[in-house]
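Coordinates from final_0.cif are shown below (mmCIF, C-alpha atoms (C1' of nucleotides)).
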data_work
#
loop_
_atom_site.label_atom_id
_atom_site.label_comp_id
_atom_site.auth_asym_id
_atom_site.auth_seq_id
_atom_site.Cartn_x
_atom_site.Cartn_y
_atom_site.Cartn_z
CA MET A 1 -70.25 -25.89 98.23
CA ASP A 2 -71.93 -29.17 98.50
CA GLU A 3 -72.01 -29.14 102.28
CA GLN A 4 -75.02 -27.00 102.85
CA PRO A 5 -77.73 -29.01 101.18
CA ARG A 6 -76.45 -32.21 102.58
CA LEU A 7 -76.37 -30.75 106.02
CA MET A 8 -79.92 -29.64 105.67
CA HIS A 9 -80.95 -32.96 104.43
CA SER A 10 -79.33 -34.59 107.34
CA HIS A 11 -81.20 -32.28 109.64
CA THR A 12 -84.49 -33.00 108.07
CA GLY A 13 -83.59 -36.57 107.88
CA VAL A 14 -83.04 -36.76 111.59
CA GLY A 15 -86.34 -35.07 112.14
CA MET A 16 -87.27 -31.45 111.94
CA ALA A 17 -89.97 -31.59 114.48
CA GLY A 18 -88.13 -29.81 117.17
CA HIS A 19 -85.84 -27.23 115.63
CA PRO A 20 -82.72 -28.00 117.53
CA GLY A 21 -80.11 -25.43 118.32
CA LEU A 22 -82.33 -22.41 118.49
CA PRO A 23 -83.44 -22.51 122.10
CA GLN A 24 -79.93 -22.54 123.44
CA HIS A 25 -78.97 -19.44 121.54
CA MET A 26 -81.97 -17.50 122.57
CA GLN A 27 -81.86 -17.86 126.25
CA GLU A 28 -82.72 -14.41 127.47
CA GLY A 29 -82.74 -15.36 131.10
CA THR A 30 -86.35 -14.86 132.09
CA GLY A 31 -87.88 -16.96 129.36
CA GLY A 32 -91.14 -14.99 129.37
CA THR A 33 -94.16 -16.02 127.39
CA ASP A 34 -93.63 -13.33 124.78
CA GLY A 35 -90.18 -14.63 124.04
CA ASP A 36 -91.52 -18.10 123.74
CA GLY A 37 -94.14 -17.00 121.20
CA ARG A 38 -91.53 -15.38 118.99
CA LYS A 39 -89.38 -18.42 119.21
CA GLN A 40 -92.30 -20.42 118.08
CA ASP A 41 -92.94 -18.13 115.08
CA ILE A 42 -89.37 -18.16 113.95
CA GLY A 43 -89.33 -21.83 114.33
CA ASP A 44 -92.34 -22.18 112.13
CA ILE A 45 -90.87 -19.98 109.44
CA LEU A 46 -87.64 -21.86 109.51
CA GLN A 47 -89.45 -25.08 109.22
CA GLN A 48 -91.37 -23.83 106.24
CA ILE A 49 -88.19 -22.73 104.56
CA MET A 50 -86.68 -26.10 105.21
CA THR A 51 -89.69 -27.75 103.78
CA ILE A 52 -89.51 -25.68 100.62
CA THR A 53 -85.87 -26.50 100.26
CA ASP A 54 -86.74 -30.07 100.62
CA GLN A 55 -89.33 -29.96 97.88
CA SER A 56 -88.29 -31.21 94.54
CA LEU A 57 -87.94 -28.81 91.65
CA ASP A 58 -90.86 -30.34 89.87
CA GLU A 59 -93.01 -29.88 92.88
CA ALA A 60 -92.09 -26.22 93.12
CA GLN A 61 -92.73 -25.70 89.44
CA ALA A 62 -96.05 -27.35 89.75
CA ARG A 63 -97.00 -25.03 92.56
CA LYS A 64 -95.90 -22.04 90.60
CA HIS A 65 -97.88 -23.18 87.65
CA ALA A 66 -100.90 -23.71 89.79
CA LEU A 67 -100.55 -20.21 91.11
CA ASN A 68 -100.22 -18.80 87.63
CA CYS A 69 -103.24 -20.62 86.45
CA HIS A 70 -105.36 -19.54 89.32
CA ARG A 71 -108.45 -17.87 88.02
CA MET A 72 -107.99 -14.87 90.28
CA LYS A 73 -104.46 -14.30 89.15
CA PRO A 74 -105.07 -11.85 86.26
CA ALA A 75 -107.31 -9.73 88.41
CA LEU A 76 -104.82 -9.64 91.22
CA PHE A 77 -102.09 -8.81 88.76
CA ASN A 78 -104.05 -5.90 87.39
CA VAL A 79 -104.81 -4.54 90.80
CA LEU A 80 -101.20 -4.70 91.81
CA CYS A 81 -100.12 -3.03 88.62
CA GLU A 82 -102.60 -0.28 89.19
CA ILE A 83 -101.41 0.34 92.70
CA LYS A 84 -97.87 0.44 91.54
CA GLU A 85 -98.73 2.85 88.77
CA LYS A 86 -100.40 5.16 91.21
CA THR A 87 -97.58 5.23 93.71
CA VAL A 88 -94.09 4.71 92.43
CA LEU A 89 -94.47 5.67 88.84
CA SER A 90 -96.47 8.81 89.38
CA ILE A 91 -93.54 10.28 91.22
CA ARG A 92 -91.43 10.03 88.15
CA GLY A 93 -94.19 11.29 85.93
CA ALA A 94 -93.11 14.90 86.17
CA GLN A 95 -89.74 14.48 84.56
CA GLU A 96 -91.05 12.63 81.56
CA GLU A 97 -91.40 14.13 78.12
CA GLU A 98 -88.50 16.51 78.53
CA PRO A 99 -87.76 18.69 75.52
CA PRO A 100 -84.75 17.83 73.37
CA ASP A 101 -81.57 18.93 75.07
CA PRO A 102 -80.39 22.22 73.53
CA GLN A 103 -76.78 21.33 74.08
CA LEU A 104 -77.22 18.06 72.29
CA MET A 105 -78.79 19.91 69.41
CA ARG A 106 -75.88 22.30 69.32
CA LEU A 107 -73.41 19.43 69.18
CA ASP A 108 -75.43 17.70 66.52
CA ASN A 109 -75.55 20.82 64.41
CA MET A 110 -71.86 21.35 64.70
CA LEU A 111 -71.01 17.78 63.81
CA LEU A 112 -73.30 18.05 60.84
CA ALA A 113 -71.73 21.32 59.78
CA GLU A 114 -68.23 19.90 60.05
CA GLY A 115 -69.25 16.89 58.00
CA VAL A 116 -68.56 14.42 60.78
CA SER A 117 -72.08 13.17 61.09
CA GLY A 118 -74.55 13.24 58.24
CA PRO A 119 -74.23 11.68 54.82
CA GLU A 120 -70.85 10.43 53.72
CA LYS A 121 -69.42 12.86 51.23
CA GLY A 122 -66.51 11.07 49.69
CA GLY A 123 -66.57 7.51 50.89
CA GLY A 124 -63.39 7.29 52.91
CA SER A 125 -60.30 9.36 53.37
CA ALA A 126 -58.77 8.55 50.02
CA ALA A 127 -61.74 9.82 48.10
CA ALA A 128 -61.96 12.91 50.26
CA ALA A 129 -58.31 13.66 49.72
CA ALA A 130 -58.67 13.10 46.01
CA ALA A 131 -61.65 15.41 45.87
CA ALA A 132 -59.74 18.05 47.75
CA ALA A 133 -56.78 17.71 45.43
CA ALA A 134 -58.99 17.89 42.38
CA SER A 135 -60.94 20.89 43.52
CA GLY A 136 -57.89 22.95 44.41
CA GLY A 137 -56.20 23.03 41.05
CA ALA A 138 -54.79 26.53 41.45
CA GLY A 139 -53.43 26.52 44.99
CA ALA A 140 -51.27 23.45 45.22
CA ASP A 141 -49.93 24.01 48.72
CA ASN A 142 -53.32 24.96 49.98
CA SER A 143 -54.92 21.78 48.73
CA ALA A 144 -52.11 19.72 50.22
CA GLU A 145 -52.80 21.24 53.59
CA HIS A 146 -56.45 20.66 53.07
CA SER A 147 -56.14 17.04 52.12
CA ASP A 148 -54.17 16.43 55.26
CA TYR A 149 -56.92 18.09 57.19
CA ARG A 150 -59.55 16.07 55.38
CA ALA A 151 -57.72 12.86 56.07
CA LYS A 152 -57.61 13.59 59.77
CA LEU A 153 -61.22 14.67 59.76
CA SER A 154 -62.37 11.50 58.11
CA GLN A 155 -60.36 9.56 60.67
CA ILE A 156 -62.31 11.29 63.40
CA ARG A 157 -65.45 10.69 61.46
CA GLN A 158 -64.77 7.00 61.20
CA ILE A 159 -64.03 6.64 64.88
CA TYR A 160 -67.15 8.58 65.67
CA HIS A 161 -69.34 6.36 63.56
CA THR A 162 -67.81 3.17 64.84
CA GLU A 163 -68.32 4.25 68.40
CA LEU A 164 -71.82 5.43 67.72
CA GLU A 165 -72.73 2.16 66.13
CA LYS A 166 -71.22 0.28 69.03
CA TYR A 167 -73.28 2.28 71.48
CA GLU A 168 -76.38 1.77 69.44
CA GLN A 169 -75.85 -1.93 69.31
CA ALA A 170 -75.13 -2.13 73.01
CA CYS A 171 -78.23 -0.10 73.70
CA ASN A 172 -80.37 -2.38 71.61
CA GLU A 173 -78.91 -5.49 73.13
CA PHE A 174 -79.37 -4.20 76.60
CA THR A 175 -82.87 -3.04 75.88
CA THR A 176 -84.00 -6.37 74.51
CA HIS A 177 -82.33 -8.12 77.37
CA VAL A 178 -84.11 -6.00 79.93
CA MET A 179 -87.37 -6.33 78.07
CA ASN A 180 -87.11 -10.07 78.01
CA LEU A 181 -86.22 -10.12 81.64
CA LEU A 182 -89.14 -7.92 82.58
CA ARG A 183 -91.52 -9.87 80.43
CA GLU A 184 -90.30 -13.02 82.07
CA GLN A 185 -90.73 -11.51 85.48
CA SER A 186 -94.10 -10.08 84.67
CA ARG A 187 -95.39 -13.57 85.04
CA THR A 188 -94.64 -13.53 88.72
CA ARG A 189 -94.45 -9.84 89.52
CA PRO A 190 -96.87 -7.05 88.74
CA ILE A 191 -95.12 -5.44 85.80
CA SER A 192 -97.32 -3.76 83.26
CA PRO A 193 -96.34 -3.28 79.62
CA LYS A 194 -96.41 0.41 80.27
CA GLU A 195 -93.75 0.01 82.89
CA ILE A 196 -91.60 -1.95 80.54
CA GLU A 197 -91.97 0.81 78.03
CA ARG A 198 -90.93 3.32 80.59
CA MET A 199 -87.92 1.29 81.54
CA VAL A 200 -86.91 1.14 77.90
CA SER A 201 -87.12 4.88 77.60
CA ILE A 202 -84.99 5.26 80.70
CA ILE A 203 -82.38 3.03 79.17
CA HIS A 204 -82.48 5.01 75.98
CA ARG A 205 -81.99 8.22 77.87
CA LYS A 206 -78.97 6.83 79.63
CA PHE A 207 -77.45 5.69 76.41
CA SER A 208 -78.12 8.97 74.69
CA ALA A 209 -76.30 10.67 77.55
CA ILE A 210 -73.34 8.47 76.76
CA GLN A 211 -73.70 9.32 73.11
CA MET A 212 -73.64 12.97 73.99
CA GLN A 213 -70.30 12.50 75.65
CA LEU A 214 -69.04 10.94 72.48
CA LYS A 215 -70.36 13.83 70.47
CA GLN A 216 -68.82 16.30 72.84
CA SER A 217 -65.37 14.79 72.64
CA THR A 218 -65.67 14.49 68.88
CA CYS A 219 -66.50 18.16 68.69
CA GLU A 220 -63.48 18.98 70.76
CA ALA A 221 -61.28 16.88 68.53
CA VAL A 222 -62.58 18.65 65.45
CA MET A 223 -61.99 22.01 67.06
CA ILE A 224 -58.41 21.11 67.86
CA LEU A 225 -57.94 19.83 64.34
CA ARG A 226 -59.28 23.05 62.91
CA SER A 227 -57.03 25.22 65.00
CA ARG A 228 -54.14 22.98 64.10
CA PHE A 229 -54.63 23.10 60.35
CA LEU A 230 -56.95 25.88 59.36
CA ASP A 231 -55.51 28.70 61.45
CA ALA A 232 -53.61 30.78 58.95
CA ARG A 233 -51.31 32.01 61.69
CA ARG A 234 -49.67 28.64 61.70
CA LYS A 235 -48.54 28.81 58.10
CA ARG A 236 -47.59 32.43 57.94
CA ARG A 237 -44.94 33.42 55.43
CA ASN A 238 -43.42 36.86 55.31
CA PHE A 239 -44.17 38.84 52.20
CA ASN A 240 -41.33 39.16 49.81
CA LYS A 241 -39.12 42.23 49.78
CA GLN A 242 -40.76 43.76 46.78
CA ALA A 243 -44.26 43.52 48.21
CA THR A 244 -43.13 45.11 51.47
CA GLU A 245 -41.50 47.91 49.50
CA ILE A 246 -44.67 48.62 47.58
CA LEU A 247 -46.79 48.62 50.73
CA ASN A 248 -44.38 50.82 52.63
CA GLU A 249 -44.15 53.19 49.73
CA TYR A 250 -47.88 53.63 49.74
CA PHE A 251 -48.02 53.91 53.50
CA TYR A 252 -45.39 56.64 53.82
CA SER A 253 -46.61 58.59 50.86
CA HIS A 254 -50.07 58.65 52.40
CA LEU A 255 -48.90 59.12 55.94
CA SER A 256 -51.46 61.77 56.69
CA ASN A 257 -54.22 59.35 55.87
CA PRO A 258 -52.94 55.82 55.44
CA TYR A 259 -56.29 54.27 54.66
CA PRO A 260 -56.26 52.93 51.12
CA SER A 261 -59.63 52.75 49.45
CA GLU A 262 -60.99 49.44 48.30
CA GLU A 263 -59.76 50.11 44.80
CA ALA A 264 -56.33 51.11 46.04
CA LYS A 265 -56.18 47.95 48.10
CA GLU A 266 -57.06 45.87 45.11
CA GLU A 267 -54.35 47.46 43.09
CA LEU A 268 -51.80 47.03 45.84
CA ALA A 269 -52.88 43.43 46.24
CA LYS A 270 -52.35 42.80 42.56
CA LYS A 271 -48.97 44.48 42.54
CA CYS A 272 -47.81 42.56 45.59
CA ALA A 273 -49.36 39.25 44.59
CA ILE A 274 -51.28 39.00 47.87
CA THR A 275 -54.93 39.18 48.72
CA VAL A 276 -56.91 42.31 49.53
CA ALA A 277 -57.45 40.98 53.03
CA GLN A 278 -53.71 40.72 53.46
CA VAL A 279 -53.32 44.31 52.33
CA SER A 280 -55.89 45.30 54.94
CA ASN A 281 -54.08 43.30 57.59
CA TRP A 282 -50.82 44.87 56.63
CA PHE A 283 -52.17 48.39 56.87
CA GLY A 284 -53.91 47.65 60.13
CA ASN A 285 -50.72 46.31 61.63
CA LYS A 286 -48.61 49.05 60.14
CA ARG A 287 -50.80 51.86 61.40
CA ILE A 288 -50.91 50.62 64.94
CA ARG A 289 -47.23 49.76 65.06
CA TYR A 290 -46.18 53.00 63.51
CA LYS A 291 -48.36 55.00 65.86
CA LYS A 292 -47.08 53.14 68.86
CA ASN A 293 -43.48 53.95 68.14
CA ILE A 294 -43.04 56.71 65.63
CA GLY A 295 -39.44 57.17 66.62
CA LYS A 296 -38.52 53.69 65.61
CA PHE A 297 -40.00 54.16 62.15
CA GLN A 298 -38.53 57.60 61.57
CA GLU A 299 -35.61 56.33 59.60
CA GLU A 300 -37.78 54.16 57.44
CA ALA A 301 -40.18 57.03 56.90
CA ASN A 302 -37.40 59.35 55.75
CA MET A 303 -36.03 56.74 53.43
CA TYR A 304 -39.34 56.13 51.68
CA ALA A 305 -40.07 59.85 51.57
CA ALA A 306 -36.80 60.47 49.82
CA ARG A 307 -37.44 57.63 47.42
CA THR A 308 -40.91 58.82 46.50
CA ALA A 309 -39.52 62.30 46.08
CA VAL A 310 -36.97 61.00 43.63
CA ASN A 311 -39.61 58.99 41.85
CA ALA A 312 -41.83 62.02 41.63
CA ALA A 313 -39.02 64.10 40.29
CA ASN A 314 -38.23 61.50 37.67
CA ALA A 315 -41.84 61.16 36.74
CA SER A 316 -42.41 64.86 36.45
CA SER A 317 -39.23 65.28 34.43
CA HIS A 318 -40.58 62.71 32.05
CA GLY A 319 -43.77 64.68 32.12
CA SER A 320 -46.07 61.72 32.17
CA GLN A 321 -47.17 61.60 35.78
CA ALA A 322 -48.85 64.19 37.95
CA ASN A 323 -49.12 61.89 40.87
CA SER A 324 -47.37 63.89 43.53
CA PRO A 325 -47.12 62.54 47.03
CA SER A 326 -49.74 64.67 48.67
CA THR A 327 -48.02 64.93 52.01
CA PRO A 328 -44.30 64.54 51.87
CA ASN A 329 -43.09 62.95 55.01
CA SER A 330 -43.10 65.49 57.83
CA ALA A 331 -43.65 62.53 60.09
CA GLY A 332 -44.77 63.10 63.63
CA GLU A 333 -46.46 66.25 62.55
CA THR A 334 -49.45 67.26 64.59
CA GLY A 335 -51.94 67.52 61.77
CA SER A 336 -52.53 63.81 61.14
CA PRO A 337 -56.02 63.00 62.36
CA TRP A 338 -55.44 59.28 62.55
CA LEU A 339 -52.60 59.83 64.97
CA CYS A 340 -54.65 61.86 67.38
CA SER A 341 -56.53 59.26 69.29
CA ILE A 342 -53.64 57.28 70.57
CA ARG A 343 -54.54 54.91 73.27
CA GLN A 344 -51.84 54.91 75.87
CA PRO A 345 -50.13 51.58 76.18
CA GLU A 346 -51.16 50.27 79.56
CA PRO A 347 -48.52 50.35 82.26
CA ARG A 348 -47.55 46.73 82.35
CA ALA A 349 -49.90 44.85 84.66
CA LYS A 350 -48.99 46.44 87.94
CA SER A 351 -51.85 46.08 90.36
CA PRO A 352 -51.40 47.30 93.93
"C1'" DC R 353 -31.12 30.06 71.35
"C1'" DG R 354 -33.82 34.37 72.55
"C1'" DG R 355 -36.08 38.18 71.31
"C1'" DA R 356 -37.51 41.32 67.61
"C1'" DA R 357 -40.28 41.43 63.51
"C1'" DT R 358 -44.27 40.26 61.25
"C1'" DG R 359 -48.64 38.40 59.35
"C1'" DA R 360 -53.15 36.75 61.11
"C1'" DT R 361 -56.83 36.46 64.34
"C1'" DT R 362 -59.55 37.93 68.25
"C1'" DT R 363 -61.30 41.31 71.29
"C1'" DT R 364 -62.73 45.87 72.21
"C1'" DG R 365 -64.81 50.29 71.65
"C1'" DA R 366 -67.07 54.08 69.36
"C1'" DT N 367 -69.87 47.65 61.45
"C1'" DC N 368 -65.25 49.09 61.15
"C1'" DA N 369 -60.75 50.19 62.81
"C1'" DA N 370 -57.87 50.07 66.97
"C1'" DA N 371 -55.74 47.34 70.17
"C1'" DA N 372 -54.38 43.06 72.00
"C1'" DT N 373 -52.84 38.74 71.25
"C1'" DC N 374 -51.19 34.66 68.89
"C1'" DA N 375 -47.96 31.90 66.11
"C1'" DT N 376 -44.44 31.89 63.21
"C1'" DT N 377 -40.09 33.61 60.94
"C1'" DC N 378 -35.94 36.23 60.96
"C1'" DC N 379 -31.60 37.51 62.72
"C1'" DG N 380 -27.75 38.60 65.87
#
Conversion result in structure tokens:
Amino acid sequence: MDEQPRLMHSHTGVGMAGHPGLPQHMQEGTGGTDGDGRKQDIGDILQQIMTITDQSLDEAQARKHALNCHRMKPALFNVLCEIKEKTVLSIRGAQEEEPPDPQLMRLDNMLLAEGVSGPEKGGGSAAAAAAAAASGGAGADNSAEHSDYRAKLSQIRQIYHTELEKYEQACNEFTTHVMNLLREQSRTRPISPKEIERMVSIIHRKFSAIQMQLKQSTCEAVMILRSRFLDARRKRRNFNKQATEILNEYFYSHLSNPYPSEEAKEELAKKCAITVAQVSNWFGNKRIRYKKNIGKFQEEANMYAARTAVNAANASSHGSQANSPSTPNSAGETGSPWLCSIRQPEPRAKSP
DNA sequence: CGGAATGATTTTGA
DNA sequence: TCAAAATCATTCCG
């Protein structure tokens, strides 16, 4: 580590006049005049370098200062800046002022919609959970699920904000660092303020690309969370026996047209203690499954037909009800319009 | 445990 | 835009 300078010093100390060592290495046989001239040049350069090395720091600083204070310096600086502007920077000019990235906007919108970014709603997971619990007074289980979801969401939210802040800070630090560096260098190199500005914007672009990655992965996490908690398929419970009975009864007593009206659905929903949407789901599933395999449901159909017949008989004997099942069973009969357009179940994926 | 049953969601088609 | 059809995710049951 310490060897080099000392060695040089010793060289110079001995006398740099004739740069020793070089001639031996550069013997190209003929020793033509051209070769000699080059040797001479290189020798001169080397000597200059050695001389600079030999100068004291103060001396060098003084020179630098002198150069900086030269009255032509600002003019030269401006000219160089101008040249630079016209050549290097104009090439990049085209890609400036790009419009805001649509994908970034999409991500931003989604994060805002999910409550990850944007204003804090509850102030931490506890408050969010409490709010969820308070709001869902009626559905206890539902709110419990929700508070769990909220807790996880606010966890994601916290991570997101921490990371974002970290990036922002890093970006700022880096930017000021680079700016200082460039400003420092602008004393010796032709760097215009405009160029510094441009450099800053480049840095910001890079960092916003990183931020986009963060946003992207946050979005993914939220999506996974949603599918994990909010997908009703995951917490499916079978309807109780009674509800199924009521629905089946309606279905088989309206077999020729098993499409309950909105009012009928509402009534069924009330009787079964389920939602109208669930009634719709049930009928949708029932229709398609019945149609697909009428044979399998034959027994069930007969059973409910018999039961409704008995009910009707009882009702009519009591004289209070005229609500006869419009189409008693006769399942598989050809007259049912809704059974007509049966889409053949595809032969199981058998491609040649 | 494996597969049938079943409620919910997604895709498709008129 | 709605219902059919397909598919998914869970529960039930032998």
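When atom CA of Gln61 of chain A is paired with atom CA of Gln47 of chain A, their separation reads 20.1 Å.
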- Query: At what distance in Å, to one decimal, does atom CA of Lys241 of chain A lie from atom CA of Ala306 of chain A?
  - Reply: 18.4 Å
Selection under test: the PyMOL selection byres ((chain R) within 10 of (chain A)); residues as a tab-separated table (two decimals) with C-alpha atoms (C1' of nucleotides), keeping the file's coordinate frame:
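This is the output file out08.tsv:
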chain	number	residue	atom	x	y	z
R	357	DA	C1'	-40.28	41.43	63.51
R	358	DT	C1'	-44.27	40.26	61.25
R	359	DG	C1'	-48.64	38.40	59.35
R	360	DA	C1'	-53.15	36.75	61.11
R	361	DT	C1'	-56.83	36.46	64.34
- Message: Using the chain letters and numbers from this file, what does the PyMOL selection byres ((chain R and resi 353) around 12) select? Give the answer as a PyMOL selection string.
- Response: (chain R and resi 354-355) or (chain N and resi 379-380)
Any chance you could export the current selection's C-alpha atoms (C1' of nucleotides) as an mmCIF file, in the frame of the given file?
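And here's result.cif as it stands now:
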data_model
loop_
_atom_site.group_PDB
_atom_site.id
_atom_site.type_symbol
_atom_site.label_atom_id
_atom_site.label_comp_id
_atom_site.auth_asym_id
_atom_site.auth_seq_id
_atom_site.Cartn_x
_atom_site.Cartn_y
_atom_site.Cartn_z
ATOM 1 C "C1'" DG R 354 -33.820 34.370 72.550
ATOM 2 C "C1'" DG R 355 -36.080 38.180 71.310
ATOM 3 C "C1'" DC N 379 -31.600 37.510 62.720
ATOM 4 C "C1'" DG N 380 -27.750 38.600 65.870
#
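Rounded to one decimal, atom CA of Arg150 of chain A and atom CA of Ile224 of chain A lie 13.5 Å from each other.
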- Can you list what the PyMOL selection byres ((chain N) within 9 of (chain A)) grabs from this structure, as a ChimeraX atom specification? /N:369-371,374-377
- May I have the residues at most 12 Å from (-39.6, 56.3, 61.3) in the file's coordinates, counting all atoms listed in the file, as a list in words? Asn248, Phe251, Tyr252, Leu255, Lys286, Arg289, Tyr290, Lys291, Lys292, Asn293, Ile294, Gly295, Lys296, Phe297, Gln298, Glu299, Glu300, Ala301, Asn302, Met303, Tyr304, Ala305, Asn329, Ser330, Ala331 and Gly332 of chain A
